[in-house]
$ cat coords-v9.cif   # mmCIF, C-alpha atoms (C1' of nucleotides)
data_input
#
loop_
_atom_site.label_atom_id
_atom_site.label_comp_id
_atom_site.auth_asym_id
_atom_site.auth_seq_id
_atom_site.Cartn_x
_atom_site.Cartn_y
_atom_site.Cartn_z
CA MET A 1 -102.18 -17.97 -9.05
CA SER A 2 -104.08 -17.61 -12.34
CA LEU A 3 -101.86 -20.08 -14.13
CA LYS A 4 -102.32 -22.76 -11.47
CA LEU A 5 -106.05 -22.18 -11.52
CA GLY A 6 -106.25 -22.18 -15.27
CA LEU A 7 -104.59 -25.59 -15.22
CA LEU A 8 -106.99 -26.80 -12.53
CA GLY A 9 -109.88 -25.54 -14.63
CA LEU A 10 -108.74 -27.50 -17.66
CA LEU A 11 -108.04 -30.64 -15.63
CA ASN A 12 -111.51 -30.30 -14.20
CA TYR A 13 -112.82 -30.70 -17.75
CA ASN A 14 -110.54 -33.67 -18.51
CA SER A 15 -107.52 -35.51 -17.15
CA MET A 16 -104.50 -35.05 -19.38
CA THR A 17 -100.73 -34.76 -19.70
CA GLY A 18 -98.66 -31.61 -19.26
CA TYR A 19 -98.14 -31.62 -22.98
CA ASP A 20 -101.87 -31.71 -23.64
CA LEU A 21 -102.42 -28.98 -21.06
CA SER A 22 -100.03 -26.63 -22.71
CA LYS A 23 -101.69 -27.22 -26.07
CA PHE A 24 -105.13 -26.65 -24.63
CA PHE A 25 -103.82 -23.57 -22.95
CA SER A 26 -102.65 -22.00 -26.18
CA ALA A 27 -105.77 -23.10 -27.95
CA SER A 28 -108.35 -21.81 -25.54
CA LEU A 29 -106.83 -19.50 -22.93
CA SER A 30 -103.99 -17.80 -24.76
CA PHE A 31 -106.22 -14.85 -25.54
CA PHE A 32 -106.00 -13.73 -21.93
CA TRP A 33 -103.16 -15.85 -20.53
CA THR A 34 -100.06 -17.49 -21.93
CA ALA A 35 -97.94 -20.30 -20.57
CA THR A 36 -94.90 -22.11 -21.88
CA THR A 37 -94.47 -25.86 -21.48
CA SER A 38 -91.66 -25.38 -18.96
CA GLN A 39 -93.99 -23.34 -16.83
CA VAL A 40 -96.76 -25.91 -17.07
CA TYR A 41 -94.48 -28.75 -15.97
CA ARG A 42 -93.13 -26.73 -13.07
CA GLU A 43 -96.60 -25.80 -11.86
CA LEU A 44 -97.83 -29.37 -12.14
CA THR A 45 -94.96 -30.53 -9.94
CA THR A 46 -95.76 -28.04 -7.21
CA MET A 47 -99.49 -28.61 -7.52
CA GLU A 48 -98.97 -32.32 -7.03
CA LYS A 49 -96.97 -31.59 -3.88
CA GLU A 50 -99.85 -29.50 -2.61
CA GLY A 51 -102.28 -32.30 -3.34
CA TRP A 52 -104.35 -30.43 -5.92
CA VAL A 53 -103.60 -32.96 -8.65
CA THR A 54 -102.45 -36.57 -8.90
CA SER A 55 -100.68 -38.31 -11.75
CA GLU A 56 -100.44 -41.80 -13.12
CA VAL A 57 -97.98 -42.99 -15.69
CA GLU A 58 -99.16 -44.64 -18.88
CA VAL A 59 -96.37 -46.72 -20.36
CA GLN A 60 -95.79 -46.23 -24.06
CA PHE A 61 -93.49 -47.90 -26.53
CA SER A 62 -91.07 -45.89 -28.61
CA LYS A 63 -92.34 -42.67 -27.07
CA PRO A 64 -91.79 -41.11 -23.64
CA ASN A 65 -94.30 -42.44 -21.15
CA LYS A 66 -97.35 -40.31 -20.59
CA LYS A 67 -97.89 -38.79 -17.18
CA ILE A 68 -101.58 -38.19 -16.94
CA TYR A 69 -102.69 -35.62 -14.41
CA SER A 70 -106.10 -35.52 -12.73
CA ILE A 71 -107.64 -32.99 -10.41
CA THR A 72 -108.22 -34.11 -6.80
CA GLU A 73 -111.08 -33.21 -4.48
CA LEU A 74 -108.75 -30.76 -2.77
CA GLY A 75 -107.93 -29.27 -6.14
CA LYS A 76 -111.60 -28.86 -6.95
CA LYS A 77 -112.17 -27.13 -3.64
CA GLU A 78 -109.30 -24.80 -4.37
CA MET A 79 -110.75 -23.98 -7.77
CA ILE A 80 -114.24 -23.30 -6.47
CA ASN A 81 -112.75 -21.24 -3.70
CA TRP A 82 -110.87 -19.11 -6.19
CA LEU A 83 -113.95 -18.72 -8.33
CA THR A 84 -116.02 -17.70 -5.34
CA ASN A 85 -113.77 -15.41 -3.33
CA HIS A 86 -112.86 -12.25 -5.15
CA ASN A 87 -110.03 -9.83 -4.88
CA ILE A 88 -110.94 -7.21 -7.42
CA GLU A 89 -107.77 -5.16 -7.08
CA GLU A 90 -105.57 -8.17 -7.71
CA ASP A 91 -107.67 -9.34 -10.60
CA ASN A 92 -107.29 -6.00 -12.34
CA PRO A 93 -103.66 -5.11 -12.43
CA GLY A 94 -104.38 -2.65 -15.24
CA ASP A 95 -100.83 -1.44 -14.81
CA ARG A 96 -97.84 -2.69 -16.83
CA ASN A 97 -98.61 -1.24 -20.18
CA PRO A 98 -95.34 -0.82 -22.08
CA MET A 99 -97.08 1.07 -24.86
CA LEU A 100 -98.19 3.82 -22.50
CA MET A 101 -94.77 3.90 -20.87
CA LYS A 102 -93.31 4.67 -24.27
CA LEU A 103 -95.89 7.25 -25.13
CA PHE A 104 -95.42 9.00 -21.80
CA PHE A 105 -91.82 9.78 -22.75
CA GLY A 106 -92.66 10.42 -26.39
CA ALA A 107 -91.59 14.06 -26.26
CA GLU A 108 -87.95 12.96 -26.21
CA VAL A 109 -88.04 11.81 -29.84
CA PRO A 110 -89.32 13.37 -33.08
CA LYS A 111 -93.05 13.21 -33.58
CA GLU A 112 -92.75 11.00 -36.64
CA VAL A 113 -91.31 8.28 -34.42
CA MET A 114 -94.37 8.27 -32.20
CA VAL A 115 -96.73 8.54 -35.15
CA GLU A 116 -95.16 5.50 -36.72
CA TYR A 117 -95.30 3.72 -33.41
CA LEU A 118 -99.02 4.34 -33.06
CA GLU A 119 -99.68 3.38 -36.65
CA ARG A 120 -97.96 0.07 -36.13
CA ASN A 121 -100.04 -0.48 -33.02
CA GLN A 122 -103.08 0.31 -35.11
CA ASN A 123 -102.17 -2.42 -37.60
CA PHE A 124 -101.51 -4.78 -34.74
CA TYR A 125 -104.94 -4.28 -33.19
CA GLU A 126 -106.74 -4.37 -36.52
CA GLU A 127 -105.10 -7.73 -37.12
CA LYS A 128 -106.17 -8.86 -33.64
CA LEU A 129 -109.75 -7.93 -34.40
CA ARG A 130 -109.68 -9.90 -37.64
CA GLU A 131 -108.24 -12.92 -35.83
CA LEU A 132 -111.02 -12.71 -33.29
CA ASP A 133 -113.65 -12.61 -36.01
CA GLN A 134 -112.14 -15.69 -37.60
CA ALA A 135 -112.00 -17.50 -34.27
CA LYS A 136 -115.68 -16.77 -33.74
CA GLU A 137 -116.57 -18.37 -37.03
CA THR A 138 -114.42 -21.46 -36.68
CA ILE A 139 -115.28 -22.43 -33.12
CA ASN A 140 -118.29 -24.64 -33.01
CA TYR A 141 -120.40 -23.41 -30.18
CA ASN A 142 -123.24 -25.76 -30.95
CA ASP A 143 -121.37 -28.83 -29.81
CA GLU A 144 -124.01 -30.59 -27.78
CA ARG A 145 -121.48 -32.11 -25.42
CA VAL A 146 -120.72 -28.64 -24.08
CA SER A 147 -123.13 -26.98 -21.69
CA LYS A 148 -124.84 -23.76 -22.70
CA ASP A 149 -123.42 -22.05 -19.64
CA LYS A 150 -119.86 -22.71 -20.67
CA VAL A 151 -120.54 -21.40 -24.13
CA MET A 152 -122.02 -18.25 -22.66
CA TYR A 153 -118.97 -17.55 -20.51
CA TRP A 154 -116.58 -18.32 -23.37
CA ARG A 155 -118.46 -15.91 -25.59
CA LEU A 156 -118.29 -13.22 -22.93
CA CYS A 157 -114.52 -13.57 -22.86
CA GLU A 158 -114.42 -13.15 -26.62
CA SER A 159 -116.68 -10.17 -26.41
CA TYR A 160 -114.32 -8.55 -23.93
CA GLY A 161 -111.59 -8.82 -26.52
CA GLU A 162 -113.73 -7.14 -29.11
CA HIS A 163 -114.57 -4.23 -26.83
CA TYR A 164 -110.98 -3.88 -25.77
CA TYR A 165 -109.53 -3.94 -29.28
CA LYS A 166 -112.10 -1.53 -30.61
CA ALA A 167 -111.60 0.92 -27.76
CA THR A 168 -107.86 0.82 -28.29
CA LEU A 169 -108.24 1.43 -32.00
CA GLU A 170 -110.52 4.38 -31.39
CA TRP A 171 -108.06 5.86 -28.96
CA ILE A 172 -105.17 5.41 -31.39
CA LYS A 173 -107.17 7.20 -34.07
CA GLU A 174 -107.81 10.16 -31.78
CA ALA A 175 -104.23 10.18 -30.55
CA LEU A 176 -102.85 10.23 -34.08
CA SER A 177 -105.00 13.15 -35.08
CA ILE A 178 -104.00 15.09 -31.96
CA ILE A 179 -100.30 14.52 -32.54
CA LYS A 180 -100.55 15.46 -36.19
CA GLU A 181 -102.58 18.56 -35.34
CA GLU A 182 -99.85 19.82 -33.01
CA SER A 183 -97.16 19.67 -35.70
CA MET N 1 -87.26 -3.48 -19.63
CA SER N 2 -90.05 -0.97 -19.14
CA LEU N 3 -89.17 -0.36 -15.50
CA LYS N 4 -85.53 0.38 -16.30
CA LEU N 5 -86.58 2.72 -19.06
CA GLY N 6 -89.20 4.43 -16.96
CA LEU N 7 -86.49 5.16 -14.43
CA LEU N 8 -84.19 6.45 -17.19
CA GLY N 9 -86.99 8.64 -18.43
CA LEU N 10 -87.51 10.20 -15.03
CA LEU N 11 -83.77 10.65 -14.45
CA ASN N 12 -83.62 12.32 -17.83
CA TYR N 13 -85.98 14.97 -16.44
CA ASN N 14 -84.01 15.35 -13.19
CA SER N 15 -81.27 13.70 -11.17
CA MET N 16 -82.61 12.23 -7.96
CA THR N 17 -82.41 9.51 -5.31
CA GLY N 18 -83.99 6.08 -5.44
CA TYR N 19 -86.44 7.27 -2.86
CA ASP N 20 -87.45 10.22 -5.01
CA LEU N 21 -87.71 8.00 -8.05
CA SER N 22 -90.12 5.65 -6.39
CA LYS N 23 -92.27 8.56 -5.28
CA PHE N 24 -92.28 10.07 -8.76
CA PHE N 25 -93.08 6.68 -10.12
CA SER N 26 -96.22 6.31 -8.05
CA ALA N 27 -97.16 9.89 -8.68
CA SER N 28 -96.87 9.97 -12.42
CA LEU N 29 -96.46 6.50 -13.91
CA SER N 30 -98.44 4.28 -11.57
CA PHE N 31 -101.43 4.50 -13.85
CA PHE N 32 -99.71 2.20 -16.32
CA TRP N 33 -96.78 0.82 -14.34
CA THR N 34 -96.07 0.13 -10.68
CA ALA N 35 -92.77 -0.32 -8.88
CA THR N 36 -91.88 -0.88 -5.25
CA THR N 37 -88.88 0.80 -3.64
CA SER N 38 -87.03 -2.52 -3.40
CA GLN N 39 -87.39 -2.95 -7.11
CA VAL N 40 -86.22 0.58 -7.81
CA TYR N 41 -83.07 0.13 -5.74
CA ARG N 42 -82.30 -3.18 -7.38
CA GLU N 43 -82.72 -1.79 -10.87
CA LEU N 44 -80.57 1.24 -10.07
CA THR N 45 -77.76 -1.05 -8.92
CA THR N 46 -77.81 -3.05 -12.14
CA MET N 47 -78.23 0.05 -14.29
CA GLU N 48 -75.17 1.59 -12.68
CA LYS N 49 -73.20 -1.56 -13.50
CA GLU N 50 -74.29 -1.22 -17.11
CA GLY N 51 -73.20 2.41 -17.18
CA TRP N 52 -76.65 3.87 -17.83
CA VAL N 53 -76.60 5.92 -14.62
CA THR N 54 -74.01 7.26 -12.19
CA SER N 55 -74.43 8.19 -8.56
CA GLU N 56 -72.85 10.57 -6.14
CA VAL N 57 -73.33 10.57 -2.42
CA GLU N 58 -74.53 13.68 -0.63
CA VAL N 59 -73.58 13.51 3.01
CA GLN N 60 -76.36 14.37 5.44
CA PHE N 61 -76.43 14.69 9.20
CA SER N 62 -78.88 12.70 11.26
CA LYS N 63 -80.37 11.14 8.12
CA PRO N 64 -79.07 8.45 5.82
CA ASN N 65 -76.84 9.95 3.16
CA LYS N 66 -78.49 10.66 -0.15
CA LYS N 67 -77.34 8.75 -3.18
CA ILE N 68 -78.22 10.92 -6.13
CA TYR N 69 -78.50 9.19 -9.47
CA SER N 70 -77.99 10.85 -12.84
CA ILE N 71 -78.47 9.55 -16.34
CA THR N 72 -75.29 9.09 -18.43
CA GLU N 73 -74.80 9.64 -22.14
CA LEU N 74 -74.97 5.88 -22.59
CA GLY N 75 -78.22 5.85 -20.62
CA LYS N 76 -79.68 8.56 -22.84
CA LYS N 77 -78.72 6.59 -25.91
CA GLU N 78 -80.40 3.54 -24.48
CA MET N 79 -83.55 5.52 -23.79
CA ILE N 80 -83.73 7.06 -27.23
CA ASN N 81 -83.02 3.68 -28.71
CA TRP N 82 -85.94 2.17 -26.85
CA LEU N 83 -88.19 5.03 -27.85
CA THR N 84 -87.20 4.66 -31.47
CA ASN N 85 -87.06 0.91 -32.08
CA HIS N 86 -90.39 -0.76 -31.68
CA ASN N 87 -91.43 -4.28 -30.91
CA ILE N 88 -95.18 -4.07 -31.09
CA GLU N 89 -95.85 -7.64 -29.99
CA GLU N 90 -93.79 -7.21 -26.85
CA ASP N 91 -95.32 -3.87 -26.08
CA ASN N 92 -98.81 -5.32 -26.17
CA PRO N 93 -98.88 -8.40 -24.02
CA GLY N 94 -102.68 -8.15 -23.84
CA ASP N 95 -102.61 -11.50 -22.12
CA ARG N 96 -102.59 -12.08 -18.35
CA ASN N 97 -106.05 -10.98 -17.48
CA PRO N 98 -107.09 -12.72 -14.25
CA MET N 99 -110.62 -11.41 -14.57
CA LEU N 100 -111.14 -13.19 -17.89
CA MET N 101 -109.51 -16.33 -16.55
CA LYS N 102 -112.12 -16.38 -13.83
CA LEU N 103 -114.99 -15.68 -16.15
CA PHE N 104 -113.85 -18.39 -18.53
CA PHE N 105 -114.46 -21.00 -15.83
CA GLY N 106 -117.54 -19.24 -14.50
CA ALA N 107 -119.85 -22.15 -15.36
CA GLU N 108 -118.42 -24.11 -12.42
CA VAL N 109 -120.11 -21.89 -9.84
CA PRO N 110 -123.65 -20.50 -9.43
CA LYS N 111 -124.52 -17.57 -11.63
CA GLU N 112 -124.99 -15.26 -8.66
CA VAL N 113 -121.30 -15.64 -7.89
CA MET N 114 -120.29 -14.38 -11.31
CA VAL N 115 -122.92 -11.65 -11.28
CA GLU N 116 -121.57 -10.37 -8.00
CA TYR N 117 -118.06 -10.62 -9.34
CA LEU N 118 -118.89 -8.50 -12.35
CA GLU N 119 -120.80 -6.00 -10.26
CA ARG N 120 -117.82 -5.53 -8.04
CA ASN N 121 -115.65 -5.04 -11.09
CA GLN N 122 -118.15 -2.48 -12.25
CA ASN N 123 -117.77 -0.51 -9.02
CA PHE N 124 -114.05 -0.82 -9.30
CA TYR N 125 -113.91 0.68 -12.78
CA GLU N 126 -116.44 3.38 -11.98
CA GLU N 127 -114.19 4.41 -9.12
CA LYS N 128 -111.18 4.36 -11.45
CA LEU N 129 -112.99 6.67 -13.84
CA ARG N 130 -113.81 9.11 -11.05
CA GLU N 131 -110.19 9.06 -9.89
CA LEU N 132 -109.07 9.85 -13.41
CA ASP N 133 -111.46 12.79 -13.63
CA GLN N 134 -110.13 14.15 -10.38
CA ALA N 135 -106.54 13.72 -11.50
CA LYS N 136 -107.30 15.66 -14.65
CA GLU N 137 -108.58 18.58 -12.65
CA THR N 138 -105.79 18.70 -10.10
CA ILE N 139 -102.81 18.37 -12.41
CA ASN N 140 -101.67 21.73 -13.64
CA TYR N 141 -100.94 21.34 -17.28
CA ASN N 142 -100.28 25.02 -17.77
CA ASP N 143 -97.01 24.95 -15.88
CA GLU N 144 -94.79 26.99 -18.15
CA ARG N 145 -91.69 25.07 -17.19
CA VAL N 146 -93.10 22.02 -18.93
CA SER N 147 -93.05 21.79 -22.70
CA LYS N 148 -96.32 21.58 -24.61
CA ASP N 149 -95.20 18.33 -26.17
CA LYS N 150 -94.82 16.61 -22.85
CA VAL N 151 -98.25 17.77 -21.79
CA MET N 152 -99.72 16.41 -24.99
CA TYR N 153 -98.23 12.96 -24.49
CA TRP N 154 -99.23 12.88 -20.83
CA ARG N 155 -102.78 13.74 -21.77
CA LEU N 156 -102.84 11.00 -24.37
CA CYS N 157 -101.91 8.51 -21.67
CA GLU N 158 -104.77 9.75 -19.53
CA SER N 159 -107.11 9.56 -22.45
CA TYR N 160 -106.15 5.94 -22.98
CA GLY N 161 -107.28 5.23 -19.44
CA GLU N 162 -110.59 6.85 -20.07
CA HIS N 163 -111.23 4.84 -23.21
CA TYR N 164 -110.14 1.66 -21.53
CA TYR N 165 -112.26 2.11 -18.41
CA LYS N 166 -115.32 3.11 -20.37
CA ALA N 167 -115.00 0.17 -22.75
CA THR N 168 -114.64 -2.20 -19.82
CA LEU N 169 -117.71 -0.75 -18.13
CA GLU N 170 -119.75 -1.09 -21.27
CA TRP N 171 -118.69 -4.68 -21.65
CA ILE N 172 -119.57 -5.46 -18.03
CA LYS N 173 -123.01 -3.95 -18.55
CA GLU N 174 -123.62 -6.14 -21.58
CA ALA N 175 -122.19 -9.19 -19.86
CA LEU N 176 -124.42 -8.73 -16.83
CA SER N 177 -127.53 -8.47 -18.92
CA ILE N 178 -126.59 -11.58 -20.90
CA ILE N 179 -125.95 -13.62 -17.76
CA LYS N 180 -129.19 -12.46 -16.15
CA GLU N 181 -131.13 -13.17 -19.32
CA GLU N 182 -129.94 -16.79 -19.37
CA SER N 183 -131.19 -17.47 -15.87
"C1'" DT T 1 -84.00 -35.76 -45.82
"C1'" DT T 2 -85.67 -32.32 -43.22
"C1'" DA T 3 -89.09 -30.50 -40.26
"C1'" DA T 4 -92.78 -31.15 -37.27
"C1'" DT T 5 -95.03 -33.72 -33.64
"C1'" DC T 6 -95.04 -36.35 -29.46
"C1'" DA T 7 -93.61 -35.93 -24.48
"C1'" DT T 8 -90.71 -35.28 -21.10
"C1'" DG T 9 -88.15 -32.03 -18.55
"C1'" DT T 10 -83.62 -28.92 -16.43
"C1'" DA T 11 -81.07 -24.58 -15.72
"C1'" DA T 12 -80.41 -19.94 -15.54
"C1'" DC T 13 -82.05 -15.63 -15.63
"C1'" DA T 14 -85.42 -11.60 -15.31
"C1'" DC T 15 -88.58 -9.27 -12.83
"C1'" DG T 16 -92.37 -8.60 -9.37
"C1'" DT T 17 -93.92 -9.20 -4.45
"C1'" DT T 18 -93.59 -9.35 0.51
"C1'" DA T 19 -91.52 -8.92 4.66
"C1'" DC T 20 -88.11 -7.13 7.38
"C1'" DA T 21 -84.40 -3.80 9.28
"C1'" DT T 22 -82.38 0.78 10.64
"C1'" DG T 23 -82.77 5.27 12.95
"C1'" DA T 24 -83.48 10.24 13.16
"C1'" DT T 25 -87.15 13.97 12.38
"C1'" DT T 26 -91.50 16.10 12.01
"C1'" DG T 27 -96.54 16.63 12.69
"C1'" DC T 28 -100.81 15.42 15.31
"C1'" DG P 1 -96.52 9.48 22.71
"C1'" DC P 2 -97.37 7.63 18.05
"C1'" DA P 3 -97.48 7.69 13.23
"C1'" DA P 4 -95.61 9.33 9.14
"C1'" DT P 5 -91.72 10.82 6.48
"C1'" DC P 6 -86.98 10.55 5.05
"C1'" DA P 7 -83.63 7.23 2.94
"C1'" DT P 8 -81.30 3.38 2.65
"C1'" DG P 9 -81.45 -1.32 1.56
"C1'" DT P 10 -81.45 -7.18 2.11
"C1'" DA P 11 -83.59 -11.76 1.65
"C1'" DA P 12 -86.67 -14.96 0.11
"C1'" DC P 13 -90.03 -16.24 -2.73
"C1'" DG P 14 -93.18 -16.43 -6.94
"C1'" DT P 15 -93.66 -16.50 -11.56
"C1'" DG P 16 -92.44 -15.55 -16.46
"C1'" DT P 17 -88.74 -16.12 -20.17
"C1'" DT P 18 -85.16 -18.35 -22.84
"C1'" DA P 19 -82.31 -21.83 -24.09
"C1'" DC P 20 -81.18 -26.40 -24.14
"C1'" DA P 21 -81.58 -31.74 -24.12
"C1'" DT P 22 -83.55 -36.33 -25.47
"C1'" DG P 23 -85.17 -39.55 -29.05
"C1'" DA P 24 -88.60 -41.95 -31.78
"C1'" DT P 25 -92.36 -41.22 -35.48
"C1'" DT P 26 -94.63 -39.21 -39.25
"C1'" DA P 27 -95.58 -36.04 -43.14
"C1'" DA P 28 -93.67 -32.87 -46.87
#

$ encode --input "coords-v9.cif" --output "structure tokens"
Amino acid sequence: MSLKLGLLGLLNYNSMTGYDLSKFFSASLSFFWTATTSQVYRELTTMEKEGWVTSEVEVQFSKPNKKIYSITELGKKEMINWLTNHNIEEDNPGDRNPMLMKLFFGAEVPKEVMVEYLERNQNFYEEKLRELDQAKETINYNDERVSKDKVMYWRLCESYGEHYYKATLEWIKEALSIIKEES
Amino acid sequence: MSLKLGLLGLLNYNSMTGYDLSKFFSASLSFFWTATTSQVYRELTTMEKEGWVTSEVEVQFSKPNKKIYSITELGKKEMINWLTNHNIEEDNPGDRNPMLMKLFFGAEVPKEVMVEYLERNQNFYEEKLRELDQAKETINYNDERVSKDKVMYWRLCESYGEHYYKATLEWIKEALSIIKEES
DNA sequence: TTAATCATGTAACACGTTACATGATTGC
DNA sequence: GCAATCATGTAACGTGTTACATGATTAA
């Protein structure tokens, strides 16, 4: 459901094509959700059937025609409904962490293998943190066309990332020293 | 792939039935991966086709026969291979966080809605932390039949949970105070 | 001249979820 | 007498992934 609702959320800001949507998705939501173009087109088709969006074709020359999607009243209702009614368990899968799956069975391979694994994860998350810092600097939050509320919520999402990356890095540091200690 | 390899990992400890596997799964791996019985049976079928596991039937009276699965040499190779060759990007999806998706579009609904949402998440994670504490106490890590290495890795997985839950709770606390401040 | 961008998708597969079905045994 | 446990699955659906196809335009 999150993908559908992410698309509704973006269409609620502006009507646009599937192509635009998938670009906006990677630009603004990819930090906590990813979607390929194929997925976006498929979802748009089913969402149109359900009456959450409508489309109109804009004829173009020497390019494929644009199919511009807009959110409907029904779609808006659906979005507000999703924003208002919570299912906390569903919203926090928390499971499906391949890294922990690997670590759980780490005793089956030499320690150096797991040490290297954690170190590479460390690099990965340090890089993520740097990327986040850069993003913070480049995004212009003072754009007057954007409401303060939106900016606040967007910043909170960013801040989650920071907390999450830092916590992971701290854990990796501890884990590495424990593994090395035991050798 | 993680599900298949989780199953291989468990079968590497002990041969058992699909039914046993799904119980072990919920008992020991559900903290970072979940699997339903239907999924387990399906995966076992395909893994047998690939030669990673074999099965033999144990006839029972007045109960369905047991189909006991064992890991093969090929399966062990596959497992070690997975443990040894890393793809850090794949192992850290990090995306797909429905909670952040919701928060991102939070400006579309009254602030109280998002405050309540975060408060319920807070309760959720506090409960998770308590559960983890309980688990720590009940699990007997001094079982002599289990190698020290295994215990170490299992504990590291637990410790990840602790870090993760605590970081999330801290972020929620900050987020709540920021949202309330802006009102 | 090659690659990237614009803009649309289809097809097949992988994996997760939900619901349903069977039928005896054991515990409350 | 009823629910839970044992033990096996099937079927259908939802959603994510990967690969492929088309064909003009623009920038390096």

$ closest_atom_pairs --input "coords-v9.cif" --of "chain N" --to "chain P" --cutoff "10 Å" --atoms "all atoms listed in the file" --output "JSON lines"
{"residue": "N:Thr17", "atom": "CA", "partner": "P:DA7", "partner_atom": "C1'", "distance": 8.6}
{"residue": "N:Gly18", "atom": "CA", "partner": "P:DA7", "partner_atom": "C1'", "distance": 8.5}
{"residue": "N:Tyr19", "atom": "CA", "partner": "P:DA7", "partner_atom": "C1'", "distance": 6.4}
{"residue": "N:Asp20", "atom": "CA", "partner": "P:DA7", "partner_atom": "C1'", "distance": 9.3}
{"residue": "N:Thr37", "atom": "CA", "partner": "P:DG9", "partner_atom": "C1'", "distance": 9.3}
{"residue": "N:Ser38", "atom": "CA", "partner": "P:DG9", "partner_atom": "C1'", "distance": 7.6}
{"residue": "N:Tyr41", "atom": "CA", "partner": "P:DG9", "partner_atom": "C1'", "distance": 7.6}
{"residue": "N:Arg42", "atom": "CA", "partner": "P:DG9", "partner_atom": "C1'", "distance": 9.2}
{"residue": "N:Lys63", "atom": "CA", "partner": "P:DA7", "partner_atom": "C1'", "distance": 7.3}
{"residue": "N:Pro64", "atom": "CA", "partner": "P:DA7", "partner_atom": "C1'", "distance": 5.5}
{"residue": "N:Asn65", "atom": "CA", "partner": "P:DA7", "partner_atom": "C1'", "distance": 7.3}
{"residue": "N:Lys66", "atom": "CA", "partner": "P:DA7", "partner_atom": "C1'", "distance": 6.9}
{"residue": "N:Lys67", "atom": "CA", "partner": "P:DT8", "partner_atom": "C1'", "distance": 8.9}

$ resolve_selection --input "coords-v9.cif" --expression "the PyMOL selection byres ((chain A and resi 76) around 10)" --output "CSV table (one decimal) with C-alpha atoms, in the frame of the given file"
chain,number,residue,atom,x,y,z
A,5,LEU,CA,-106.0,-22.2,-11.5
A,8,LEU,CA,-107.0,-26.8,-12.5
A,9,GLY,CA,-109.9,-25.5,-14.6
A,11,LEU,CA,-108.0,-30.6,-15.6
A,12,ASN,CA,-111.5,-30.3,-14.2
A,52,TRP,CA,-104.4,-30.4,-5.9
A,53,VAL,CA,-103.6,-33.0,-8.6
A,71,ILE,CA,-107.6,-33.0,-10.4
A,72,THR,CA,-108.2,-34.1,-6.8
A,73,GLU,CA,-111.1,-33.2,-4.5
A,74,LEU,CA,-108.8,-30.8,-2.8
A,75,GLY,CA,-107.9,-29.3,-6.1
A,77,LYS,CA,-112.2,-27.1,-3.6
A,78,GLU,CA,-109.3,-24.8,-4.4
A,79,MET,CA,-110.8,-24.0,-7.8
A,80,ILE,CA,-114.2,-23.3,-6.5
A,81,ASN,CA,-112.8,-21.2,-3.7
A,82,TRP,CA,-110.9,-19.1,-6.2
N,108,GLU,CA,-118.4,-24.1,-12.4

$ atom_distance --input "coords-v9.cif" --atom1 "CA of Ala27 in chain A" --atom2 "CA of Asn14 in chain A"
15.0 Å

$ atom_distance --input "coords-v9.cif" --atom1 "CA of Gln39 in chain A" --atom2 "C1' of DG16 in chain T"
16.6 Å

$ atom_distance --input "coords-v9.cif" --atom1 "C1' of DC15 in chain T" --atom2 "CA of Met1 in chain N"
9.0 Å

$ resolve_selection --input "coords-v9.cif" --expression "the PyMOL selection byres ((chain T) within 10 of (chain N))" --output "list in words"
DA14, DC15, DG16, DT17, DT22, DG23, DA24 and DT25 of chain T

$ closest_residue --input "coords-v9.cif" --among "A:Asn85, A:Gln134, A:Ser55, A:Thr46" --to "chain N" --atoms "all atoms listed in the file"
A:Asn85

$ interface_residues --input "coords-v9.cif" --of "chain N" --to "chain A" --cutoff "8 Å" --atoms "all atoms listed in the file" --output "ChimeraX atom specification"
/N:2,6,9,29-34,80,83-84,86,88-89,91-92,94-109,113,117,120-121,124,149-150,152-154,156-157,159-160,163-164,167-168,171,175,179

$ build_atoms --input "coords-v9.cif" --residues "range 39-46 of chain A" --atoms "N, CA and C atoms" --output "PDB file, keeping the file's coordinate frame"
ATOM      1  N   GLN A  39     -93.187 -23.865 -17.930  1.00  0.00           N
ATOM      2  CA  GLN A  39     -93.990 -23.340 -16.830  1.00  0.00           C
ATOM      3  C   GLN A  39     -95.036 -24.352 -16.390  1.00  0.00           C
ATOM      4  N   VAL A  40     -95.700 -24.937 -17.376  1.00  0.00           N
ATOM      5  CA  VAL A  40     -96.760 -25.910 -17.070  1.00  0.00           C
ATOM      6  C   VAL A  40     -96.191 -27.072 -16.261  1.00  0.00           C
ATOM      7  N   TYR A  41     -95.061 -27.628 -16.700  1.00  0.00           N
ATOM      8  CA  TYR A  41     -94.480 -28.750 -15.970  1.00  0.00           C
ATOM      9  C   TYR A  41     -94.094 -28.343 -14.559  1.00  0.00           C
ATOM     10  N   ARG A  42     -93.518 -27.171 -14.408  1.00  0.00           N
ATOM     11  CA  ARG A  42     -93.130 -26.730 -13.070  1.00  0.00           C
ATOM     12  C   ARG A  42     -94.347 -26.605 -12.160  1.00  0.00           C
ATOM     13  N   GLU A  43     -95.397 -25.991 -12.684  1.00  0.00           N
ATOM     14  CA  GLU A  43     -96.600 -25.800 -11.860  1.00  0.00           C
ATOM     15  C   GLU A  43     -97.222 -27.129 -11.476  1.00  0.00           C
ATOM     16  N   LEU A  44     -97.241 -28.061 -12.436  1.00  0.00           N
ATOM     17  CA  LEU A  44     -97.830 -29.370 -12.140  1.00  0.00           C
ATOM     18  C   LEU A  44     -97.076 -30.057 -10.999  1.00  0.00           C
ATOM     19  N   THR A  45     -95.756 -29.933 -11.015  1.00  0.00           N
ATOM     20  CA  THR A  45     -94.960 -30.530  -9.940  1.00  0.00           C
ATOM     21  C   THR A  45     -95.350 -29.960  -8.582  1.00  0.00           C
ATOM     22  N   THR A  46     -95.433 -28.641  -8.510  1.00  0.00           N
ATOM     23  CA  THR A  46     -95.760 -28.040  -7.210  1.00  0.00           C
ATOM     24  C   THR A  46     -97.215 -28.301  -6.835  1.00  0.00           C
TER      25      THR A  46
END
